[in-house]
file start-v9.txt (compact mmCIF, C-alpha atoms)
# COMPACT_ATOMS: atom_id res chain seq x y z
CA MET A 1 73.17 107.32 110.88
CA LEU A 2 74.39 109.18 107.84
CA ASP A 3 71.93 109.58 104.97
CA ASN A 4 72.46 107.77 101.67
CA GLU A 5 73.59 110.88 99.79
CA THR A 6 76.28 111.67 102.36
CA ARG A 7 77.50 108.09 102.36
CA PHE A 8 77.61 108.06 98.56
CA ARG A 9 79.71 111.22 98.44
CA ILE A 10 82.13 109.95 101.07
CA GLN A 11 82.47 106.65 99.25
CA ASN A 12 83.33 108.50 96.03
CA LEU A 13 85.83 110.66 97.91
CA ILE A 14 87.65 107.61 99.27
CA ARG A 15 87.79 105.97 95.85
CA ARG A 16 89.23 109.17 94.39
CA GLU A 17 91.84 109.68 97.10
CA VAL A 18 92.87 106.09 97.80
CA VAL A 19 94.33 104.81 94.53
CA PRO A 20 97.25 102.63 93.38
CA ALA A 21 100.54 104.30 92.43
CA VAL A 22 103.84 102.89 91.21
CA GLY A 23 106.77 104.63 92.85
CA CYS A 24 106.81 108.05 94.46
CA THR A 25 103.84 110.08 93.26
CA GLU A 26 105.80 113.27 92.54
CA PRO A 27 108.23 111.88 89.91
CA ALA A 28 105.35 109.71 88.68
CA ALA A 29 103.27 112.84 88.12
CA VAL A 30 106.16 114.47 86.25
CA ALA A 31 106.53 111.34 84.10
CA LEU A 32 102.78 111.41 83.49
CA CYS A 33 102.92 115.00 82.29
CA VAL A 34 105.85 114.20 79.99
CA ALA A 35 104.05 111.12 78.65
CA LYS A 36 100.93 113.15 77.83
CA ALA A 37 102.98 115.85 76.10
CA THR A 38 104.87 113.23 74.10
CA GLU A 39 101.63 111.57 73.01
CA LEU A 40 100.35 114.93 71.75
CA LEU A 41 103.66 115.60 70.00
CA GLY A 42 103.34 112.31 68.15
CA CYS A 43 107.02 111.38 68.30
CA LEU A 44 109.94 111.19 70.70
CA PRO A 45 110.93 114.70 71.84
CA SER A 46 114.36 116.00 70.91
CA GLU A 47 114.10 118.57 73.71
CA ILE A 48 112.26 118.63 77.06
CA ARG A 49 111.78 121.55 79.43
CA VAL A 50 110.27 120.98 82.87
CA ARG A 51 109.25 123.62 85.43
CA LEU A 52 108.20 122.40 88.89
CA SER A 53 106.73 123.91 92.06
CA THR A 54 108.85 123.79 95.20
CA ASN A 55 107.13 120.75 96.69
CA ILE A 56 107.26 118.70 93.50
CA LEU A 57 110.96 119.44 92.96
CA LYS A 58 111.76 118.71 96.60
CA ASN A 59 109.92 115.38 96.60
CA ALA A 60 111.31 114.15 93.28
CA MET A 61 115.03 114.76 93.69
CA GLY A 62 116.22 111.87 95.82
CA VAL A 63 113.75 109.03 95.46
CA GLY A 64 114.23 105.75 93.62
CA ILE A 65 112.41 105.31 90.31
CA PRO A 66 110.80 101.84 90.14
CA GLY A 67 112.64 99.20 88.16
CA THR A 68 115.58 101.45 87.21
CA GLY A 69 118.11 101.31 90.04
CA MET A 70 118.32 105.10 89.60
CA ILE A 71 117.05 108.10 91.52
CA GLY A 72 115.59 111.45 90.62
CA LEU A 73 113.89 113.26 87.78
CA PRO A 74 116.03 112.72 84.66
CA ILE A 75 115.28 109.00 84.38
CA ALA A 76 111.60 109.55 85.29
CA ILE A 77 111.32 112.16 82.54
CA ALA A 78 113.16 110.01 80.01
CA LEU A 79 110.97 106.98 80.70
CA GLY A 80 107.85 109.13 80.60
CA ALA A 81 108.80 110.08 77.04
CA LEU A 82 109.99 106.62 75.99
CA ILE A 83 107.48 104.17 77.47
CA GLY A 84 105.03 106.21 79.57
CA LYS A 85 101.30 105.88 78.95
CA SER A 86 99.10 108.69 80.27
CA GLU A 87 96.11 106.35 80.46
CA TYR A 88 97.86 104.55 83.34
CA GLY A 89 97.68 107.63 85.59
CA LEU A 90 100.11 107.34 88.50
CA GLU A 91 101.08 103.88 87.24
CA VAL A 92 102.47 105.62 84.14
CA LEU A 93 105.79 103.75 84.36
CA ARG A 94 104.44 100.29 85.05
CA ASP A 95 105.81 98.94 81.72
CA VAL A 96 109.43 99.72 82.64
CA ASN A 97 111.97 96.97 81.94
CA ASP A 98 115.74 96.63 81.56
CA GLU A 99 115.64 97.53 77.89
CA ALA A 100 113.66 100.70 78.60
CA VAL A 101 116.10 101.69 81.35
CA ALA A 102 119.04 101.23 78.96
CA GLU A 103 117.27 103.39 76.39
CA GLY A 104 116.51 105.92 79.11
CA ARG A 105 120.18 106.25 79.99
CA LYS A 106 121.05 106.87 76.34
CA TYR A 107 118.20 109.36 76.00
CA ILE A 108 119.41 111.36 79.01
CA ALA A 109 122.91 111.51 77.52
CA SER A 110 121.74 112.66 74.09
CA THR A 111 118.69 114.85 74.75
CA PRO A 112 118.53 118.30 76.38
CA ILE A 113 116.39 117.93 79.52
CA ASP A 114 116.06 121.23 81.35
CA ILE A 115 114.64 121.05 84.91
CA LYS A 116 114.06 124.20 86.93
CA LEU A 117 111.97 125.60 89.78
CA PHE A 118 108.69 127.25 88.78
CA GLU A 119 108.90 130.54 90.65
CA ASN A 120 105.63 131.59 92.31
CA ALA A 121 103.75 128.58 91.01
CA PRO A 122 99.95 128.90 91.32
CA SER A 123 99.82 125.71 93.40
CA ASN A 124 102.13 123.77 95.71
CA LEU A 125 101.60 120.93 93.25
CA HIS A 126 102.38 122.29 89.80
CA ILE A 127 104.14 120.70 86.81
CA ASP A 128 104.69 122.50 83.52
CA VAL A 129 106.25 120.51 80.65
CA GLU A 130 107.25 121.58 77.14
CA VAL A 131 108.46 119.05 74.58
CA ALA A 132 109.67 119.72 71.05
CA HIS A 133 110.80 118.02 67.85
CA ASP A 134 111.77 119.96 64.73
CA THR A 135 109.19 122.76 64.50
CA ASP A 136 106.51 121.05 66.61
CA ARG A 137 106.08 122.05 70.25
CA VAL A 138 103.66 120.80 72.91
CA ARG A 139 102.98 122.10 76.39
CA ALA A 140 101.18 120.17 79.16
CA THR A 141 100.45 121.32 82.71
CA ILE A 142 99.34 119.39 85.79
CA SER A 143 98.19 121.33 88.85
CA ARG A 144 96.64 120.82 92.32
CA GLU A 145 96.33 117.04 92.02
CA HIS A 146 98.86 114.56 90.69
CA THR A 147 96.79 113.54 87.66
CA ASN A 148 94.87 116.78 87.04
CA PHE A 149 95.76 118.28 83.67
CA ILE A 150 94.77 121.95 83.47
CA TYR A 151 96.41 122.96 80.19
CA LEU A 152 97.29 121.30 76.87
CA GLU A 153 98.69 123.13 73.84
CA LYS A 154 100.24 122.11 70.52
CA ASN A 155 101.96 124.55 68.20
CA ARG A 156 100.32 127.49 70.02
CA SER A 157 96.87 126.01 69.49
CA VAL A 158 95.12 125.48 72.86
CA ILE A 159 93.61 122.02 73.19
CA PHE A 160 92.42 122.33 76.78
CA ASN A 161 92.54 125.13 79.31
CA GLU A 162 91.31 125.16 82.89
CA GLU A 163 92.36 128.27 84.77
CA PRO A 164 94.32 127.28 87.91
CA VAL A 165 93.03 128.44 91.27
CA SER A 166 95.26 130.15 93.79
CA ALA A 167 97.75 128.41 96.04
CA SER A 168 94.90 127.33 98.32
CA ASP A 169 94.93 124.01 96.43
CA THR A 170 91.17 123.61 96.46
CA PRO A 171 90.13 120.08 95.44
CA VAL A 172 89.38 119.83 91.74
CA ASP A 173 85.91 118.32 91.67
CA THR A 174 84.01 120.09 94.41
CA THR A 175 80.78 118.42 93.32
CA GLU A 176 82.31 115.10 94.31
CA ASP A 177 83.96 116.47 97.44
CA ILE A 178 82.34 116.73 100.85
CA ALA A 179 83.52 118.83 103.76
CA LEU A 180 84.30 116.42 106.56
CA ASP A 181 84.63 116.65 110.32
CA LEU A 182 85.92 113.98 112.68
CA ARG A 183 82.44 112.98 113.90
CA THR A 184 81.29 112.36 110.31
CA VAL A 185 84.44 110.34 109.63
CA TRP A 186 83.72 108.20 112.69
CA GLU A 187 80.04 107.72 111.84
CA TYR A 188 80.82 106.64 108.28
CA ALA A 189 83.58 104.20 109.20
CA THR A 190 81.65 102.57 112.01
CA THR A 191 78.08 102.50 110.65
CA ALA A 192 78.16 102.34 106.84
CA PRO A 193 77.20 98.96 105.35
CA ILE A 194 80.32 96.83 105.24
CA ASP A 195 80.01 96.14 101.52
CA GLU A 196 80.40 99.88 100.86
CA LEU A 197 83.79 99.79 102.60
CA SER A 198 85.33 96.65 101.13
CA TYR A 199 87.34 98.63 98.54
CA ILE A 200 89.72 99.70 101.32
CA LEU A 201 91.00 96.12 101.68
CA LYS A 202 92.94 96.68 98.44
CA ALA A 203 95.16 98.97 100.51
CA ARG A 204 95.93 96.04 102.79
CA ASP A 205 96.72 93.76 99.87
CA LEU A 206 98.93 96.13 97.87
CA ASN A 207 100.84 97.62 100.79
CA THR A 208 101.39 94.27 102.48
CA ALA A 209 102.82 92.96 99.21
CA ALA A 210 105.18 95.95 99.16
CA ALA A 211 106.40 95.13 102.65
CA GLU A 212 106.95 91.48 101.72
CA THR A 213 108.96 92.62 98.70
CA ALA A 214 111.29 94.57 100.99
CA TYR A 215 111.72 91.53 103.22
CA GLU A 216 112.82 89.48 100.20
CA LYS A 217 115.25 92.02 98.71
CA GLU A 218 117.18 94.94 100.16
CA TYR A 219 115.66 98.33 99.36
CA GLY A 220 116.51 101.74 100.74
CA HIS A 221 117.98 101.53 104.22
CA SER A 222 116.19 98.23 104.96
CA LEU A 223 114.73 99.56 108.20
CA GLY A 224 111.83 97.12 107.99
CA THR A 225 114.13 94.11 107.72
CA THR A 226 116.41 95.50 110.43
CA MET A 227 113.46 95.78 112.80
CA ARG A 228 112.26 92.32 111.86
CA HIS A 229 115.54 90.47 112.35
CA ALA A 230 117.81 92.62 114.50
CA GLY A 231 115.28 94.50 116.60
CA GLY A 232 114.35 91.57 118.83
CA PRO A 233 116.84 92.18 121.66
CA LEU A 234 115.75 95.83 121.94
CA PHE A 235 112.08 95.85 120.91
CA GLY A 236 111.06 92.24 121.44
CA ASP A 237 108.41 90.25 119.62
CA THR A 238 105.72 92.85 120.28
CA PRO A 239 102.85 94.53 118.38
CA ALA A 240 104.85 97.78 118.41
CA ALA A 241 107.86 96.12 116.77
CA HIS A 242 105.62 94.38 114.24
CA MET A 243 103.92 97.67 113.27
CA ILE A 244 107.19 99.54 112.82
CA SER A 245 108.75 96.71 110.83
CA LEU A 246 105.83 96.13 108.47
CA THR A 247 105.18 99.82 107.83
CA SER A 248 108.80 100.82 107.31
CA ALA A 249 109.38 97.79 105.06
CA ALA A 250 106.65 98.92 102.68
CA CYS A 251 108.21 102.38 102.67
CA ASP A 252 111.67 100.88 102.06
CA ALA A 253 110.35 99.17 98.93
CA ARG A 254 108.54 102.24 97.62
CA MET A 255 111.31 104.77 98.27
CA GLY A 256 113.98 102.33 97.12
CA GLY A 257 112.41 101.94 93.68
CA ALA A 258 110.69 98.56 93.84
CA PRO A 259 108.63 98.15 90.62
CA ILE A 260 105.37 97.46 92.43
CA PRO A 261 102.21 99.47 93.13
CA VAL A 262 101.21 100.71 96.56
CA MET A 263 97.87 102.14 97.62
CA SER A 264 98.24 105.88 98.10
CA ASN A 265 96.22 108.34 100.16
CA SER A 266 95.61 111.94 99.04
CA GLY A 267 98.28 111.66 96.37
CA SER A 268 100.99 110.13 98.56
CA GLY A 269 102.11 106.51 98.61
CA ASN A 270 103.88 106.95 101.93
CA GLN A 271 100.71 108.36 103.45
CA GLY A 272 98.80 105.38 102.09
CA ILE A 273 101.35 103.02 103.61
CA CYS A 274 101.34 104.81 106.97
CA ALA A 275 97.54 104.88 107.10
CA THR A 276 97.39 101.17 106.28
CA MET A 277 100.19 99.04 107.67
CA PRO A 278 100.09 99.86 111.42
CA VAL A 279 96.38 99.03 111.32
CA VAL A 280 96.90 95.80 109.38
CA SER A 281 99.73 94.75 111.68
CA TYR A 282 97.85 95.39 114.93
CA ALA A 283 94.66 93.77 113.59
CA ARG A 284 96.72 90.71 112.70
CA ASP A 285 98.23 90.53 116.20
CA ILE A 286 94.87 90.76 117.97
CA GLU A 287 93.25 88.43 115.40
CA ALA A 288 90.58 90.95 114.43
CA ASP A 289 88.07 89.73 111.87
CA GLU A 290 88.00 91.16 108.36
CA ASP A 291 84.94 93.36 108.93
CA THR A 292 86.61 94.99 111.94
CA LEU A 293 89.80 95.54 109.93
CA THR A 294 87.76 97.02 107.07
CA ARG A 295 86.16 99.59 109.37
CA ALA A 296 89.49 100.39 111.03
CA LEU A 297 91.21 100.97 107.70
CA THR A 298 88.33 103.14 106.53
CA LEU A 299 88.62 105.22 109.71
CA SER A 300 92.37 105.61 109.23
CA HIS A 301 92.26 106.56 105.57
CA LEU A 302 89.25 108.85 105.88
CA THR A 303 90.77 110.66 108.86
CA SER A 304 93.88 111.26 106.76
CA ILE A 305 91.78 112.54 103.86
CA TYR A 306 89.92 114.86 106.24
CA ILE A 307 93.13 116.40 107.57
CA LYS A 308 94.48 116.85 104.04
CA GLN A 309 91.35 118.75 103.05
CA SER A 310 92.60 121.77 105.00
CA LEU A 311 96.34 121.08 104.75
CA GLY A 312 96.54 120.78 100.96
CA ARG A 313 98.09 118.17 98.72
CA LEU A 314 101.72 119.10 99.48
CA SER A 315 103.22 121.18 102.27
CA ALA A 316 106.28 121.62 104.45
CA LEU A 317 104.69 119.24 106.97
CA CYS A 318 105.73 115.59 106.66
CA GLY A 319 102.83 113.49 105.41
CA CYS A 320 103.43 110.87 108.09
CA VAL A 321 102.05 113.35 110.62
CA VAL A 322 98.71 113.19 108.83
CA ALA A 323 98.62 109.48 108.06
CA SER A 324 99.85 108.32 111.46
CA THR A 325 97.09 110.41 113.05
CA GLY A 326 94.64 108.42 110.97
CA ALA A 327 96.35 105.21 112.06
CA SER A 328 96.13 106.22 115.72
CA SER A 329 92.38 106.71 115.34
CA ALA A 330 92.09 103.22 113.87
CA LEU A 331 94.21 101.69 116.63
CA VAL A 332 91.82 103.16 119.20
CA TYR A 333 88.92 101.57 117.33
CA LEU A 334 90.69 98.20 117.28
CA MET A 335 91.31 98.54 121.02
CA GLY A 336 87.57 98.96 121.56
CA GLY A 337 87.55 102.74 122.00
CA ASP A 338 84.66 105.06 121.18
CA TYR A 339 84.54 108.42 119.39
CA ASP A 340 85.70 110.39 122.42
CA LYS A 341 88.77 108.16 122.71
CA VAL A 342 89.51 108.67 119.00
CA ALA A 343 89.27 112.45 119.45
CA ALA A 344 91.67 112.19 122.38
CA ALA A 345 94.16 110.20 120.31
CA VAL A 346 94.04 112.83 117.57
CA LYS A 347 94.78 115.57 120.07
CA ASN A 348 97.64 113.54 121.51
CA MET A 349 99.09 113.16 118.02
CA VAL A 350 98.88 116.87 117.27
CA ALA A 351 100.58 117.64 120.57
CA ASN A 352 103.54 115.46 119.60
CA LEU A 353 104.35 115.43 115.88
CA THR A 354 103.45 118.97 114.77
CA GLY A 355 106.40 120.59 113.00
CA MET A 356 108.06 117.50 111.51
CA ILE A 357 109.35 118.85 108.22
CA CYS A 358 109.16 117.24 104.81
CA ASP A 359 112.61 117.37 103.25
CA GLY A 360 111.69 115.41 100.16
CA ALA A 361 110.84 111.84 99.27
CA LYS A 362 113.80 109.52 99.86
CA PRO A 363 114.77 106.17 101.43
CA SER A 364 115.08 107.68 104.92
CA CYS A 365 111.34 108.45 104.87
CA ALA A 366 111.01 105.00 106.43
CA MET A 367 112.58 106.43 109.58
CA LYS A 368 110.04 109.26 109.77
CA ILE A 369 107.19 106.85 109.17
CA SER A 370 108.45 104.65 112.01
CA SER A 371 108.37 107.70 114.28
CA GLY A 372 104.78 108.32 113.23
CA VAL A 373 103.83 104.69 113.88
CA SER A 374 105.40 104.74 117.34
CA THR A 375 103.60 107.95 118.20
CA ALA A 376 100.31 106.59 116.84
CA LEU A 377 100.47 103.62 119.21
CA MET A 378 101.53 105.76 122.16
CA SER A 379 98.73 108.28 121.52
CA ALA A 380 96.14 105.53 121.21
CA MET A 381 97.30 103.90 124.44
CA MET A 382 97.14 107.24 126.28
CA ALA A 383 93.61 107.82 124.99
CA MET A 384 92.46 104.35 125.99
CA ASN A 385 93.85 104.96 129.49
CA GLY A 386 91.87 108.19 129.80
CA HIS A 387 94.72 110.61 129.12
CA CYS A 388 94.38 113.44 126.61
CA VAL A 389 96.54 116.51 126.09
CA THR A 390 94.50 119.50 127.27
CA SER A 391 93.67 122.82 125.65
CA ALA A 392 96.07 124.49 128.09
CA GLU A 393 98.93 122.79 126.26
CA GLY A 394 100.39 124.09 123.01
CA ILE A 395 98.17 124.24 119.92
CA VAL A 396 95.64 121.68 121.15
CA ASP A 397 92.08 123.03 121.40
CA GLU A 398 89.17 121.66 123.38
CA ASP A 399 87.44 121.04 120.05
CA VAL A 400 89.18 118.29 118.05
CA ASP A 401 88.30 119.78 114.66
CA ARG A 402 89.79 123.13 115.65
CA THR A 403 92.85 121.23 116.87
CA ILE A 404 93.21 119.72 113.41
CA ARG A 405 92.83 123.13 111.76
CA ASN A 406 95.52 124.51 114.07
CA LEU A 407 97.82 121.78 112.83
CA THR A 408 97.02 122.28 109.17
CA SER A 409 97.28 126.08 109.30
CA ILE A 410 100.82 125.71 110.62
CA GLY A 411 101.75 123.21 107.91
CA ARG A 412 99.99 125.10 105.12
CA ASP A 413 100.73 128.75 105.99
CA ALA A 414 103.19 129.25 108.83
CA MET A 415 105.72 126.79 107.39
CA ARG A 416 105.52 128.05 103.80
CA SER A 417 108.95 129.67 103.94
CA THR A 418 110.35 126.43 105.39
CA ASP A 419 109.87 124.77 101.99
CA LEU A 420 112.07 127.35 100.33
CA TYR A 421 114.81 126.98 102.93
CA VAL A 422 114.68 123.19 102.72
CA LEU A 423 114.85 123.19 98.93
CA ASP A 424 117.70 125.70 98.98
CA ILE A 425 119.67 123.42 101.31
CA MET A 426 118.91 120.36 99.17
CA THR A 427 119.92 121.99 95.88
CA CYS A 428 123.08 123.65 97.20
CA LYS A 429 124.72 120.58 98.75
call {"tool": "encode", "arguments": {"input": "start-v9.txt", "output": "structure tokens"}}
result
Amino acid sequence: MLDNETRFRIQNLIRREVVPAVGCTEPAAVALCVAKATELLGCLPSEIRVRLSTNILKNAMGVGIPGTGMIGLPIAIALGALIGKSEYGLEVLRDVNDEAVAEGRKYIASTPIDIKLFENAPSNLHIDVEVAHDTDRVRATISREHTNFIYLEKNRSVIFNEEPVSASDTPVDTTEDIALDLRTVWEYATTAPIDELSYILKARDLNTAAAETAYEKEYGHSLGTTMRHAGGPLFGDTPAAHMISLTSAACDARMGGAPIPVMSNSGSGNQGICATMPVVSYARDIEADEDTLTRALTLSHLTSIYIKQSLGRLSALCGCVVASTGASSALVYLMGGDYDKVAAAVKNMVANLTGMICDGAKPSCAMKISSGVSTALMSAMMAMNGHCVTSAEGIVDEDVDRTIRNLTSIGRDAMRSTDLYVLDIMTCK
């Protein structure tokens, strides 16, 4: 059993990393930074300059902005200035309406908004905003985490300054953080008092509502609805088809700009969806009770958080690789597997999905998430049948935690140049 202090720190970590967000978290973070700068300016900016790290720019270019019917950064920036409230965090644009969108379009047409890459940014997640009106100028900077302001300045007077760390993207509040391993994740999810874990059910509620929204109205590429209505002849009425449909539907809604919150994980709504919906779907099919679902969701989300601790907030590696690995762990638990079976499923996942690139947030992310969900189920089934990829194969190590670090070192370090190539392709089309 874990001691009370360890459980308390893990509980705080989950509540920090699993939070609601409206729309894609990268443009939301940019809108948040613009909103904060505008509040400090005290009036609507007549000029906005935005400098973004590679991963932020890549993830904000092609995604729908909730409630606008538009994609990309200009409308997110405009709405951040017009109606954004920094106190809302990643729900900064939750007050958007048709009138605000109309004003946003006019604002884009009449106001200089300069968006460029921040060369050699100190973090993979870095947003630097300057707003101006007449002789007043304000600068605001977010770094390392989507809501973490590190610098505020008005008219060359520094209001707040926290020196950024290097590109290692160390978590901000290390006193709240706890270094995890897979055994600790398992022990917490399966033994902590159930009332300590009940918060995670909000992920079920929010992300299920997102999926239902996509079933009611067409968003993105409507992969979730396609799987629900047209997938029968090929996939059948099966748990696998249900998982893919429900998970991709929630992603359809989020990437397509539905004006609803989803529960994110480690700063990503898609990761939150992928860590949640396969687990919810399978638990529903096997009629698992709520306590069992609560522990399974905790295992999924905490496994994802653990992997992100060494991968970093943003990388060239698609986030569904991380979140679907968490989901696979939870599927093993729902199937009655023990820790060794969970470790086997994790190794099976690493053997399969390593190297899937992130080429920005966009409607087709639902397709990548569906690949992660399919692999999560396959890896869990292999583990439950006593099959595990061995240390003689690829980057898998005998030790599951070293296997995870092999994965994250590739995504964090070896694929660093991949981000630059991907962004170059995206911006030169």
call {"tool": "residues_around", "arguments": {"input": "start-v9.txt", "residues": "Val50 of chain A", "least_positions_apart": "4", "cutoff": "10 Å", "atoms": "only C-alpha atoms", "output": "ChimeraX atom specification"}}
result
/A:30,33-34,73,77,113-118,127-131,139-141
call {"tool": "closest_residue", "arguments": {"input": "start-v9.txt", "among": "A:Asn55, A:Ala351, A:Lys368, A:Val185", "to": "Thr6 of chain A", "atoms": "all atoms listed in the file"}}
result
A:Val185
call {"tool": "atom_distance", "arguments": {"input": "start-v9.txt", "atom1": "atom CA of Leu2 of chain A", "atom2": "atom CA of Glu187 of chain A"}}
result
7.1 Å
call {"tool": "atom_distance", "arguments": {"input": "start-v9.txt", "atom1": "atom CA of Ile159 of chain A", "atom2": "atom CA of Leu40 of chain A"}}
result
9.9 Å
call {"tool": "closest_residue", "arguments": {"input": "start-v9.txt", "among": "A:Arg412, A:Gly372, A:Val342, A:Leu353", "to": "Lys308 of chain A", "atoms": "only C-alpha atoms"}}
result
A:Arg412
call {"tool": "atom_distance", "arguments": {"input": "start-v9.txt", "atom1": "atom CA of Thr408 of chain A", "atom2": "atom CA of Leu297 of chain A"}}
result
22.1 Å
call {"tool": "closest_residue", "arguments": {"input": "start-v9.txt", "among": "A:Ser266, A:Thr38, A:Ser248, A:Thr208", "to": "Ser310 of chain A", "atoms": "all atoms listed in the file"}}
result
A:Ser266
call {"tool": "closest_residue", "arguments": {"input": "start-v9.txt", "among": "A:Met426, A:Met227, A:Ala343, A:Ala253", "to": "Val22 of chain A", "atoms": "all atoms listed in the file"}}
result
A:Ala253
call {"tool": "residues_near_point", "arguments": {"input": "start-v9.txt", "point": "(116.0, 110.7, 83.9)", "cutoff": "7 Å", "atoms": "only C-alpha atoms", "output": "PyMOL selection string"}}
result
chain A and resi 72-78+104+108
call {"tool": "write_last_selection", "arguments": {"input": "start-v9.txt", "atoms": "C-alpha atoms", "output": "PDB file, in the frame of the given file"}}
result
ATOM      1  CA  GLY A  72     115.590 111.450  90.620  1.00  0.00           C
ATOM      2  CA  LEU A  73     113.890 113.260  87.780  1.00  0.00           C
ATOM      3  CA  PRO A  74     116.030 112.720  84.660  1.00  0.00           C
ATOM      4  CA  ILE A  75     115.280 109.000  84.380  1.00  0.00           C
ATOM      5  CA  ALA A  76     111.600 109.550  85.290  1.00  0.00           C
ATOM      6  CA  ILE A  77     111.320 112.160  82.540  1.00  0.00           C
ATOM      7  CA  ALA A  78     113.160 110.010  80.010  1.00  0.00           C
ATOM      8  CA  GLY A 104     116.510 105.920  79.110  1.00  0.00           C
ATOM      9  CA  ILE A 108     119.410 111.360  79.010  1.00  0.00           C
TER      10      ILE A 108
END
call {"tool": "residues_around", "arguments": {"input": "start-v9.txt", "residues": "segment 143-155 of chain A", "least_positions_apart": "4", "cutoff": "9 Å", "atoms": "all atoms listed in the file", "output": "PyMOL selection string"}}
result
chain A and resi 25-26+28-30+32-33+36-37+40-41+89-90+122-128+135-139+159-165+167+169-172+266-267+312-314
call {"tool": "write_last_selection", "arguments": {"input": "start-v9.txt", "atoms": "C-alpha atoms", "output": "tab-separated table (two decimals), in the frame of the given file"}}
result
chain	number	residue	atom	x	y	z
A	25	THR	CA	103.84	110.08	93.26
A	26	GLU	CA	105.80	113.27	92.54
A	28	ALA	CA	105.35	109.71	88.68
A	29	ALA	CA	103.27	112.84	88.12
A	30	VAL	CA	106.16	114.47	86.25
A	32	LEU	CA	102.78	111.41	83.49
A	33	CYS	CA	102.92	115.00	82.29
A	36	LYS	CA	100.93	113.15	77.83
A	37	ALA	CA	102.98	115.85	76.10
A	40	LEU	CA	100.35	114.93	71.75
A	41	LEU	CA	103.66	115.60	70.00
A	89	GLY	CA	97.68	107.63	85.59
A	90	LEU	CA	100.11	107.34	88.50
A	122	PRO	CA	99.95	128.90	91.32
A	123	SER	CA	99.82	125.71	93.40
A	124	ASN	CA	102.13	123.77	95.71
A	125	LEU	CA	101.60	120.93	93.25
A	126	HIS	CA	102.38	122.29	89.80
A	127	ILE	CA	104.14	120.70	86.81
A	128	ASP	CA	104.69	122.50	83.52
A	135	THR	CA	109.19	122.76	64.50
A	136	ASP	CA	106.51	121.05	66.61
A	137	ARG	CA	106.08	122.05	70.25
A	138	VAL	CA	103.66	120.80	72.91
A	139	ARG	CA	102.98	122.10	76.39
A	159	ILE	CA	93.61	122.02	73.19
A	160	PHE	CA	92.42	122.33	76.78
A	161	ASN	CA	92.54	125.13	79.31
A	162	GLU	CA	91.31	125.16	82.89
A	163	GLU	CA	92.36	128.27	84.77
A	164	PRO	CA	94.32	127.28	87.91
A	165	VAL	CA	93.03	128.44	91.27
A	167	ALA	CA	97.75	128.41	96.04
A	169	ASP	CA	94.93	124.01	96.43
A	170	THR	CA	91.17	123.61	96.46
A	171	PRO	CA	90.13	120.08	95.44
A	172	VAL	CA	89.38	119.83	91.74
A	266	SER	CA	95.61	111.94	99.04
A	267	GLY	CA	98.28	111.66	96.37
A	312	GLY	CA	96.54	120.78	100.96
A	313	ARG	CA	98.09	118.17	98.72
A	314	LEU	CA	101.72	119.10	99.48
call {"tool": "closest_residue", "arguments": {"input": "start-v9.txt", "among": "A:Leu293, A:Ala109, A:Met61, A:Ile244", "to": "Ser46 of chain A", "atoms": "only C-alpha atoms"}}
result
A:Ala109
call {"tool": "residues_around", "arguments": {"input": "start-v9.txt", "residues": "Ala323 of chain A", "least_positions_apart": "4", "cutoff": "12 Å", "atoms": "only C-alpha atoms", "output": "VMD selection string"}}
result
chain A and resid 247 264 to 279 297 299 to 308 317 to 319 327 to 330 346 349 to 350 353 368 to 373 375 to 376
call {"tool": "residues_near_point", "arguments": {"input": "start-v9.txt", "point": "(80.3, 97.8, 101.2)", "cutoff": "12 Å", "atoms": "only C-alpha atoms", "output": "PyMOL selection string"}}
result
chain A and resi 7-8+11+188-201+291+294-295+298
call {"tool": "write_last_selection", "arguments": {"input": "start-v9.txt", "atoms": "C-alpha atoms", "output": "CSV table (one decimal), keeping the file's coordinate frame"}}
result
chain,number,residue,atom,x,y,z
A,7,ARG,CA,77.5,108.1,102.4
A,8,PHE,CA,77.6,108.1,98.6
A,11,GLN,CA,82.5,106.6,99.2
A,188,TYR,CA,80.8,106.6,108.3
A,189,ALA,CA,83.6,104.2,109.2
A,190,THR,CA,81.6,102.6,112.0
A,191,THR,CA,78.1,102.5,110.6
A,192,ALA,CA,78.2,102.3,106.8
A,193,PRO,CA,77.2,99.0,105.4
A,194,ILE,CA,80.3,96.8,105.2
A,195,ASP,CA,80.0,96.1,101.5
A,196,GLU,CA,80.4,99.9,100.9
A,197,LEU,CA,83.8,99.8,102.6
A,198,SER,CA,85.3,96.6,101.1
A,199,TYR,CA,87.3,98.6,98.5
A,200,ILE,CA,89.7,99.7,101.3
A,201,LEU,CA,91.0,96.1,101.7
A,291,ASP,CA,84.9,93.4,108.9
A,294,THR,CA,87.8,97.0,107.1
A,295,ARG,CA,86.2,99.6,109.4
A,298,THR,CA,88.3,103.1,106.5
call {"tool": "residues_around", "arguments": {"input": "start-v9.txt", "residues": "Tyr107 of chain A", "least_positions_apart": "3", "cutoff": "9 Å", "atoms": "only C-alpha atoms", "output": "JSON, numbers by chain"}}
result
{"A": [75, 78, 79, 82, 102, 103, 104, 110, 111, 112]}
